[in-house]
file structure.csv (CSV, C-alpha atoms)
chain,number,residue,atom,x,y,z
A,1,MET,CA,-30.4,-6.0,-26.5
A,2,VAL,CA,-28.9,-7.5,-23.3
A,3,VAL,CA,-26.5,-5.5,-21.3
A,4,GLU,CA,-24.1,-7.5,-19.1
A,5,ILE,CA,-23.5,-5.8,-15.7
A,6,ASP,CA,-19.9,-6.1,-14.6
A,7,GLU,CA,-20.0,-6.9,-10.9
A,8,THR,CA,-16.2,-7.3,-10.6
A,9,LEU,CA,-14.8,-5.3,-7.7
A,10,PHE,CA,-11.7,-3.2,-7.5
A,11,PRO,CA,-9.1,-4.9,-5.3
A,12,ASP,CA,-8.6,-3.6,-1.8
A,13,ILE,CA,-5.3,-1.6,-2.3
A,14,GLN,CA,-4.5,-2.0,1.4
A,15,GLU,CA,-4.7,-5.8,1.1
A,16,VAL,CA,-2.6,-5.7,-2.1
A,17,LEU,CA,0.1,-3.6,-0.5
A,18,MET,CA,0.1,-5.7,2.7
A,19,VAL,CA,0.9,-8.8,0.6
A,20,TYR,CA,3.5,-6.9,-1.6
A,21,LEU,CA,5.4,-5.3,1.3
A,22,ALA,CA,5.2,-8.4,3.6
A,23,PRO,CA,8.8,-9.5,2.8
A,24,LEU,CA,10.0,-6.3,4.5
A,25,GLY,CA,8.2,-7.0,7.8
A,26,GLU,CA,4.8,-7.1,9.5
A,27,THR,CA,2.1,-5.2,7.6
A,28,ASP,CA,-1.3,-4.0,8.8
A,29,THR,CA,-3.7,-1.2,8.6
A,30,GLU,CA,-3.0,-0.4,12.3
A,31,PRO,CA,0.2,0.5,14.1
A,32,PRO,CA,2.3,-2.5,15.1
A,33,PRO,CA,1.8,-4.0,18.6
A,34,THR,CA,4.1,-2.8,21.3
A,35,ASP,CA,6.1,-6.1,21.3
A,36,ASP,CA,8.9,-4.7,19.2
A,37,GLY,CA,7.3,-1.7,17.6
A,38,ILE,CA,8.5,-2.6,14.1
A,39,GLY,CA,6.0,-2.7,11.3
A,40,ILE,CA,4.5,-1.2,8.1
A,41,GLN,CA,1.1,0.5,8.4
A,42,ILE,CA,-0.8,0.9,5.1
A,43,ASN,CA,-3.9,3.1,4.8
A,44,ARG,CA,-5.8,4.3,1.8
A,45,VAL,CA,-6.3,8.1,2.3
A,46,GLY,CA,-8.1,9.1,-0.9
A,47,GLY,CA,-8.2,8.8,-4.6
A,48,HIS,CA,-10.9,8.1,-7.1
A,49,ASP,CA,-11.9,5.7,-9.9
A,50,ASP,CA,-13.4,6.2,-13.4
A,51,GLY,CA,-15.2,2.8,-13.5
A,52,ILE,CA,-12.3,1.2,-15.4
A,53,SER,CA,-9.2,2.2,-13.3
A,54,ASP,CA,-8.9,2.9,-9.6
A,55,TYR,CA,-6.5,5.7,-8.5
A,56,PRO,CA,-5.9,5.2,-4.8
A,57,ARG,CA,-3.7,7.5,-2.7
A,58,VAL,CA,-2.1,5.6,0.1
A,59,GLN,CA,-0.2,6.5,3.3
A,60,ILE,CA,2.6,4.1,4.3
A,61,THR,CA,3.9,4.6,7.8
A,62,CYS,CA,7.1,2.7,8.8
A,63,HIS,CA,7.3,2.2,12.6
A,64,HIS,CA,10.5,1.4,14.4
A,65,PRO,CA,12.0,2.1,17.9
A,66,ASP,CA,15.1,3.6,16.3
A,67,PRO,CA,15.2,6.6,14.0
A,68,ARG,CA,17.7,5.0,11.7
A,69,GLY,CA,15.7,1.8,11.6
A,70,ALA,CA,12.5,3.7,10.7
A,71,SER,CA,14.4,5.6,8.0
A,72,LYS,CA,15.9,2.5,6.5
A,73,LEU,CA,12.6,0.6,6.5
A,74,ALA,CA,10.9,3.6,4.8
A,75,ARG,CA,13.6,3.7,2.1
A,76,GLN,CA,13.3,-0.1,1.5
A,77,VAL,CA,9.5,0.4,1.1
A,78,ARG,CA,10.1,3.2,-1.4
A,79,ASN,CA,12.5,1.0,-3.4
A,80,LEU,CA,9.8,-1.7,-3.6
A,81,MET,CA,7.1,0.8,-4.5
A,82,ASP,CA,9.3,2.2,-7.3
A,83,ARG,CA,9.3,-1.3,-8.8
A,84,ILE,CA,5.6,-2.3,-8.2
A,85,ALA,CA,4.3,-1.5,-11.7
A,86,GLY,CA,3.8,-4.7,-13.7
A,87,GLU,CA,4.3,-7.1,-10.8
A,88,ALA,CA,1.8,-9.9,-10.5
A,89,ILE,CA,0.6,-9.8,-6.8
A,90,VAL,CA,-1.3,-12.8,-5.7
A,91,VAL,CA,-3.9,-11.8,-3.1
A,92,GLU,CA,-6.2,-14.3,-1.3
A,93,ASP,CA,-9.8,-14.3,-2.6
A,94,GLU,CA,-9.0,-12.3,-5.8
A,95,PRO,CA,-9.8,-14.2,-9.0
A,96,LYS,CA,-6.5,-13.3,-10.7
A,97,PRO,CA,-3.1,-11.8,-9.6
A,98,ILE,CA,-3.3,-8.0,-9.2
A,99,CYS,CA,-1.2,-5.8,-11.4
A,100,ILE,CA,-0.5,-2.2,-10.5
A,101,ASP,CA,-0.3,-0.1,-13.7
A,102,SER,CA,1.6,2.8,-12.1
A,103,CYS,CA,3.0,4.2,-8.9
A,104,ARG,CA,4.4,7.6,-8.1
A,105,VAL,CA,5.7,9.1,-4.9
A,106,ASP,CA,3.4,12.0,-3.8
A,107,THR,CA,5.5,12.7,-0.6
A,108,PRO,CA,8.7,10.9,0.0
A,109,PRO,CA,9.4,9.3,3.4
A,110,GLU,CA,9.8,11.8,6.2
A,111,ALA,CA,10.0,11.6,10.0
A,112,GLU,CA,6.8,12.6,11.8
A,113,PRO,CA,6.4,13.3,15.5
A,114,TYR,CA,4.8,10.3,17.4
A,115,GLU,CA,3.1,10.4,20.8
A,116,ASN,CA,5.2,7.3,21.9
A,117,PRO,CA,8.7,8.6,22.9
A,118,ASP,CA,10.1,5.0,22.5
A,119,ALA,CA,9.1,4.8,18.9
A,120,ARG,CA,9.8,6.5,15.6
A,121,ARG,CA,7.8,6.7,12.4
A,122,GLU,CA,8.5,7.7,8.8
A,123,VAL,CA,5.5,8.5,6.6
A,124,ALA,CA,5.2,8.6,2.8
A,125,TYR,CA,2.3,9.0,0.4
A,126,TYR,CA,2.0,7.2,-3.0
A,127,ALA,CA,-0.5,7.6,-5.8
A,128,LEU,CA,-1.2,4.3,-7.7
A,129,SER,CA,-3.4,3.2,-10.6
A,130,LEU,CA,-4.8,-0.3,-11.2
A,131,GLN,CA,-7.7,-2.0,-13.0
A,132,LYS,CA,-10.2,-4.5,-11.9
A,133,PRO,CA,-9.1,-8.1,-12.3
A,134,TRP,CA,-10.4,-9.5,-15.6
A,135,ARG,CA,-13.3,-11.9,-15.3
A,136,ARG,CA,-12.6,-15.6,-15.3
call {"tool": "encode", "arguments": {"input": "structure.csv", "output": "structure tokens"}}
result
Amino acid sequence: MVVEIDETLFPDIQEVLMVYLAPLGETDTEPPPTDDGIGIQINRVGGHDDGISDYPRVQITCHHPDPRGASKLARQVRNLMDRIAGEAIVVEDEPKPICIDSCRVDTPPEAEPYENPDARREVAYYALSLQKPWRR
């Protein structure tokens, strides 16, 4: 009996979300550069997998110099996250488009203190589920 070992990797959820949220502005895993201070920071902050599905928890921080701008950007992100399930997200170096099975809001966007007095940030947490891309 021959057992085939599946070496397919789970997609990097940070990369997937950077591609998906890019239409709203600059995305990265770091705060935006100080040029204009506007950007979307995406970080995986936990979760687990069962070998079939990955269940990442992500923190999405919206940076903006204006409190209203930060709030608006965070609400736009939430709208896109509410609609992410079932979308085919094309990520460079992935064998197939990535499809998120589900997304729920763990903590809705809320303002957080920030050490830079000339910038504001809104932070939200999302719990997602996704599978590995199917083999070619």
call {"tool": "closest_residue", "arguments": {"input": "structure.csv", "among": "A:Gly46, A:Arg75, A:Val58, A:Gly69", "to": "Glu15 (chain A)", "atoms": "all atoms listed in the file"}}
result
A:Val58
call {"tool": "residues_around", "arguments": {"input": "structure.csv", "residues": "region 78-90 of chain A", "least_positions_apart": "5", "cutoff": "9 Å", "atoms": "only C-alpha atoms", "output": "MDAnalysis selection string"}}
result
chainID A and resid 16:17 19:21 73 96:105 108:109 124 126 128
call {"tool": "residues_around", "arguments": {"input": "structure.csv", "residues": "region 25-33 of chain A", "least_positions_apart": "4", "cutoff": "12 Å", "atoms": "all atoms listed in the file", "output": "ChimeraX atom specification"}}
result
/A:12-21,37-45,58-65,70,73-74,76-77,114,116,119-121
call {"tool": "atom_distance", "arguments": {"input": "structure.csv", "atom1": "CA of Glu7 (chain A)", "atom2": "CA of Gly47 (chain A)"}}
result
20.6 Å
call {"tool": "atom_distance", "arguments": {"input": "structure.csv", "atom1": "CA of Pro113 (chain A)", "atom2": "CA of Leu24 (chain A)"}}
result
22.8 Å
call {"tool": "atom_distance", "arguments": {"input": "structure.csv", "atom1": "CA of Pro56 (chain A)", "atom2": "CA of Asp106 (chain A)"}}
result
11.6 Å
call {"tool": "closest_residue", "arguments": {"input": "structure.csv", "among": "A:Thr8, A:Pro133, A:Arg57, A:Asp118", "to": "Asp36 (chain A)", "atoms": "all atoms listed in the file"}}
result
A:Asp118
call {"tool": "closest_residue", "arguments": {"input": "structure.csv", "among": "A:Asp93, A:Glu122, A:Pro11, A:Ser53", "to": "Asp66 (chain A)", "atoms": "all atoms listed in the file"}}
result
A:Glu122
call {"tool": "residues_around", "arguments": {"input": "structure.csv", "residues": "Ile52 (chain A)", "least_positions_apart": "2", "cutoff": "8 Å", "atoms": "only C-alpha atoms", "output": "list in words"}}
result
Asp49, Asp50, Asp54, Gln131 and Lys132 of chain A
call {"tool": "closest_residue", "arguments": {"input": "structure.csv", "among": "A:Leu9, A:Pro67, A:Val91, A:His48", "to": "Pro117 (chain A)", "atoms": "only C-alpha atoms"}}
result
A:Pro67
call {"tool": "decode", "arguments": {"input": "structure.csv", "residues": "region 22-55 of chain A", "atoms": "N, CA, C and O atoms", "output": "PDB file, in the first residue's frame"}}
result
ATOM      1  N   ALA A  22      -6.429  45.315  -0.991  1.00  0.00           N
ATOM      2  CA  ALA A  22      -5.633  46.310  -1.719  1.00  0.00           C
ATOM      3  C   ALA A  22      -6.462  47.391  -2.419  1.00  0.00           C
ATOM      4  O   ALA A  22      -6.008  48.538  -2.496  1.00  0.00           O
ATOM      5  N   PRO A  23      -7.671  47.100  -2.926  1.00  0.00           N
ATOM      6  CA  PRO A  23      -8.448  48.179  -3.555  1.00  0.00           C
ATOM      7  C   PRO A  23      -8.790  49.332  -2.604  1.00  0.00           C
ATOM      8  O   PRO A  23      -9.089  50.437  -3.056  1.00  0.00           O
ATOM      9  N   LEU A  24      -8.727  49.097  -1.300  1.00  0.00           N
ATOM     10  CA  LEU A  24      -9.056  50.151  -0.332  1.00  0.00           C
ATOM     11  C   LEU A  24      -7.860  51.033   0.013  1.00  0.00           C
ATOM     12  O   LEU A  24      -8.039  52.111   0.581  1.00  0.00           O
ATOM     13  N   GLY A  25      -6.650  50.569  -0.263  1.00  0.00           N
ATOM     14  CA  GLY A  25      -5.464  51.353   0.075  1.00  0.00           C
ATOM     15  C   GLY A  25      -4.248  50.459   0.225  1.00  0.00           C
ATOM     16  O   GLY A  25      -4.293  49.267  -0.044  1.00  0.00           O
ATOM     17  N   GLU A  26      -3.164  51.067   0.686  1.00  0.00           N
ATOM     18  CA  GLU A  26      -1.922  50.326   0.897  1.00  0.00           C
ATOM     19  C   GLU A  26      -2.123  49.279   1.987  1.00  0.00           C
ATOM     20  O   GLU A  26      -2.692  49.574   3.036  1.00  0.00           O
ATOM     21  N   THR A  27      -1.639  48.059   1.724  1.00  0.00           N
ATOM     22  CA  THR A  27      -1.737  46.983   2.707  1.00  0.00           C
ATOM     23  C   THR A  27      -0.344  46.452   3.009  1.00  0.00           C
ATOM     24  O   THR A  27       0.519  46.414   2.137  1.00  0.00           O
ATOM     25  N   ASP A  28      -0.141  46.050   4.271  1.00  0.00           N
ATOM     26  CA  ASP A  28       1.152  45.502   4.683  1.00  0.00           C
ATOM     27  C   ASP A  28       0.974  44.823   6.031  1.00  0.00           C
ATOM     28  O   ASP A  28      -0.095  44.900   6.631  1.00  0.00           O
ATOM     29  N   THR A  29       2.051  44.192   6.503  1.00  0.00           N
ATOM     30  CA  THR A  29       2.038  43.604   7.837  1.00  0.00           C
ATOM     31  C   THR A  29       2.681  44.554   8.852  1.00  0.00           C
ATOM     32  O   THR A  29       2.806  44.214  10.013  1.00  0.00           O
ATOM     33  N   GLU A  30       3.066  45.730   8.401  1.00  0.00           N
ATOM     34  CA  GLU A  30       3.676  46.767   9.235  1.00  0.00           C
ATOM     35  C   GLU A  30       2.839  48.033   9.143  1.00  0.00           C
ATOM     36  O   GLU A  30       2.111  48.228   8.170  1.00  0.00           O
ATOM     37  N   PRO A  31       2.950  48.937  10.115  1.00  0.00           N
ATOM     38  CA  PRO A  31       2.258  50.229   9.994  1.00  0.00           C
ATOM     39  C   PRO A  31       2.719  50.964   8.738  1.00  0.00           C
ATOM     40  O   PRO A  31       3.841  50.737   8.267  1.00  0.00           O
ATOM     41  N   PRO A  32       1.871  51.839   8.195  1.00  0.00           N
ATOM     42  CA  PRO A  32       2.263  52.551   6.967  1.00  0.00           C
ATOM     43  C   PRO A  32       3.425  53.495   7.225  1.00  0.00           C
ATOM     44  O   PRO A  32       3.624  53.956   8.348  1.00  0.00           O
ATOM     45  N   PRO A  33       4.177  53.791   6.149  1.00  0.00           N
ATOM     46  CA  PRO A  33       5.262  54.772   6.307  1.00  0.00           C
ATOM     47  C   PRO A  33       4.655  56.126   6.683  1.00  0.00           C
ATOM     48  O   PRO A  33       3.472  56.365   6.481  1.00  0.00           O
ATOM     49  N   THR A  34       5.467  56.980   7.220  1.00  0.00           N
ATOM     50  CA  THR A  34       4.969  58.265   7.707  1.00  0.00           C
ATOM     51  C   THR A  34       4.655  59.262   6.599  1.00  0.00           C
ATOM     52  O   THR A  34       4.276  60.379   6.892  1.00  0.00           O
ATOM     53  N   ASP A  35       4.784  58.877   5.320  1.00  0.00           N
ATOM     54  CA  ASP A  35       4.492  59.801   4.219  1.00  0.00           C
ATOM     55  C   ASP A  35       3.109  60.432   4.389  1.00  0.00           C
ATOM     56  O   ASP A  35       2.979  61.627   4.523  1.00  0.00           O
ATOM     57  N   ASP A  36       2.068  59.595   4.364  1.00  0.00           N
ATOM     58  CA  ASP A  36       0.727  60.124   4.566  1.00  0.00           C
ATOM     59  C   ASP A  36       0.037  59.463   5.759  1.00  0.00           C
ATOM     60  O   ASP A  36      -0.990  59.929   6.225  1.00  0.00           O
ATOM     61  N   GLY A  37       0.607  58.374   6.266  1.00  0.00           N
ATOM     62  CA  GLY A  37       0.062  57.715   7.439  1.00  0.00           C
ATOM     63  C   GLY A  37      -1.218  56.945   7.211  1.00  0.00           C
ATOM     64  O   GLY A  37      -1.892  56.563   8.156  1.00  0.00           O
ATOM     65  N   ILE A  38      -1.576  56.691   5.939  1.00  0.00           N
ATOM     66  CA  ILE A  38      -2.808  55.974   5.628  1.00  0.00           C
ATOM     67  C   ILE A  38      -2.451  54.568   5.160  1.00  0.00           C
ATOM     68  O   ILE A  38      -1.612  54.403   4.277  1.00  0.00           O
ATOM     69  N   GLY A  39      -3.082  53.570   5.756  1.00  0.00           N
ATOM     70  CA  GLY A  39      -2.807  52.203   5.325  1.00  0.00           C
ATOM     71  C   GLY A  39      -3.562  51.177   6.149  1.00  0.00           C
ATOM     72  O   GLY A  39      -4.164  51.500   7.182  1.00  0.00           O
ATOM     73  N   ILE A  40      -3.528  49.942   5.668  1.00  0.00           N
ATOM     74  CA  ILE A  40      -4.195  48.821   6.314  1.00  0.00           C
ATOM     75  C   ILE A  40      -3.124  47.806   6.707  1.00  0.00           C
ATOM     76  O   ILE A  40      -2.415  47.294   5.851  1.00  0.00           O
ATOM     77  N   GLN A  41      -3.012  47.555   8.000  1.00  0.00           N
ATOM     78  CA  GLN A  41      -2.027  46.617   8.531  1.00  0.00           C
ATOM     79  C   GLN A  41      -2.739  45.318   8.877  1.00  0.00           C
ATOM     80  O   GLN A  41      -3.745  45.314   9.588  1.00  0.00           O
ATOM     81  N   ILE A  42      -2.212  44.193   8.381  1.00  0.00           N
ATOM     82  CA  ILE A  42      -2.836  42.884   8.560  1.00  0.00           C
ATOM     83  C   ILE A  42      -1.857  41.952   9.257  1.00  0.00           C
ATOM     84  O   ILE A  42      -0.736  41.771   8.785  1.00  0.00           O
ATOM     85  N   ASN A  43      -2.299  41.369  10.383  1.00  0.00           N
ATOM     86  CA  ASN A  43      -1.444  40.443  11.126  1.00  0.00           C
ATOM     87  C   ASN A  43      -2.250  39.253  11.617  1.00  0.00           C
ATOM     88  O   ASN A  43      -3.328  39.424  12.182  1.00  0.00           O
ATOM     89  N   ARG A  44      -1.700  38.058  11.383  1.00  0.00           N
ATOM     90  CA  ARG A  44      -2.307  36.870  11.982  1.00  0.00           C
ATOM     91  C   ARG A  44      -1.936  36.892  13.464  1.00  0.00           C
ATOM     92  O   ARG A  44      -0.770  37.062  13.815  1.00  0.00           O
ATOM     93  N   VAL A  45      -2.929  36.686  14.322  1.00  0.00           N
ATOM     94  CA  VAL A  45      -2.684  36.759  15.761  1.00  0.00           C
ATOM     95  C   VAL A  45      -3.147  35.500  16.487  1.00  0.00           C
ATOM     96  O   VAL A  45      -3.358  35.516  17.692  1.00  0.00           O
ATOM     97  N   GLY A  46      -3.282  34.420  15.743  1.00  0.00           N
ATOM     98  CA  GLY A  46      -3.671  33.167  16.382  1.00  0.00           C
ATOM     99  C   GLY A  46      -4.481  32.300  15.450  1.00  0.00           C
ATOM    100  O   GLY A  46      -4.511  32.504  14.238  1.00  0.00           O
ATOM    101  N   GLY A  47      -5.140  31.330  16.044  1.00  0.00           N
ATOM    102  CA  GLY A  47      -5.934  30.384  15.278  1.00  0.00           C
ATOM    103  C   GLY A  47      -5.315  29.006  15.340  1.00  0.00           C
ATOM    104  O   GLY A  47      -4.374  28.762  16.093  1.00  0.00           O
ATOM    105  N   HIS A  48      -5.857  28.100  14.543  1.00  0.00           N
ATOM    106  CA  HIS A  48      -5.376  26.720  14.518  1.00  0.00           C
ATOM    107  C   HIS A  48      -5.771  26.084  13.187  1.00  0.00           C
ATOM    108  O   HIS A  48      -6.448  26.700  12.376  1.00  0.00           O
ATOM    109  N   ASP A  49      -5.344  24.857  12.979  1.00  0.00           N
ATOM    110  CA  ASP A  49      -5.791  24.095  11.817  1.00  0.00           C
ATOM    111  C   ASP A  49      -6.014  22.655  12.234  1.00  0.00           C
ATOM    112  O   ASP A  49      -5.505  22.210  13.258  1.00  0.00           O
ATOM    113  N   ASP A  50      -6.792  21.947  11.429  1.00  0.00           N
ATOM    114  CA  ASP A  50      -7.052  20.535  11.709  1.00  0.00           C
ATOM    115  C   ASP A  50      -6.470  19.632  10.625  1.00  0.00           C
ATOM    116  O   ASP A  50      -6.828  18.474  10.514  1.00  0.00           O
ATOM    117  N   GLY A  51      -5.565  20.199   9.814  1.00  0.00           N
ATOM    118  CA  GLY A  51      -4.967  19.443   8.722  1.00  0.00           C
ATOM    119  C   GLY A  51      -5.745  19.578   7.426  1.00  0.00           C
ATOM    120  O   GLY A  51      -5.195  19.399   6.344  1.00  0.00           O
ATOM    121  N   ILE A  52      -7.012  19.884   7.519  1.00  0.00           N
ATOM    122  CA  ILE A  52      -7.851  20.075   6.332  1.00  0.00           C
ATOM    123  C   ILE A  52      -8.177  21.553   6.150  1.00  0.00           C
ATOM    124  O   ILE A  52      -8.042  22.105   5.080  1.00  0.00           O
ATOM    125  N   SER A  53      -8.605  22.188   7.220  1.00  0.00           N
ATOM    126  CA  SER A  53      -8.930  23.617   7.186  1.00  0.00           C
ATOM    127  C   SER A  53      -8.035  24.385   8.147  1.00  0.00           C
ATOM    128  O   SER A  53      -7.624  23.866   9.181  1.00  0.00           O
ATOM    129  N   ASP A  54      -7.761  25.637   7.773  1.00  0.00           N
ATOM    130  CA  ASP A  54      -7.021  26.559   8.622  1.00  0.00           C
ATOM    131  C   ASP A  54      -8.043  27.531   9.195  1.00  0.00           C
ATOM    132  O   ASP A  54      -8.964  27.959   8.496  1.00  0.00           O
ATOM    133  N   TYR A  55      -7.889  27.867  10.472  1.00  0.00           N
ATOM    134  CA  TYR A  55      -8.809  28.770  11.149  1.00  0.00           C
ATOM    135  C   TYR A  55      -8.021  29.946  11.733  1.00  0.00           C
ATOM    136  O   TYR A  55      -7.834  30.031  12.947  1.00  0.00           O
TER     137      TYR A  55
END
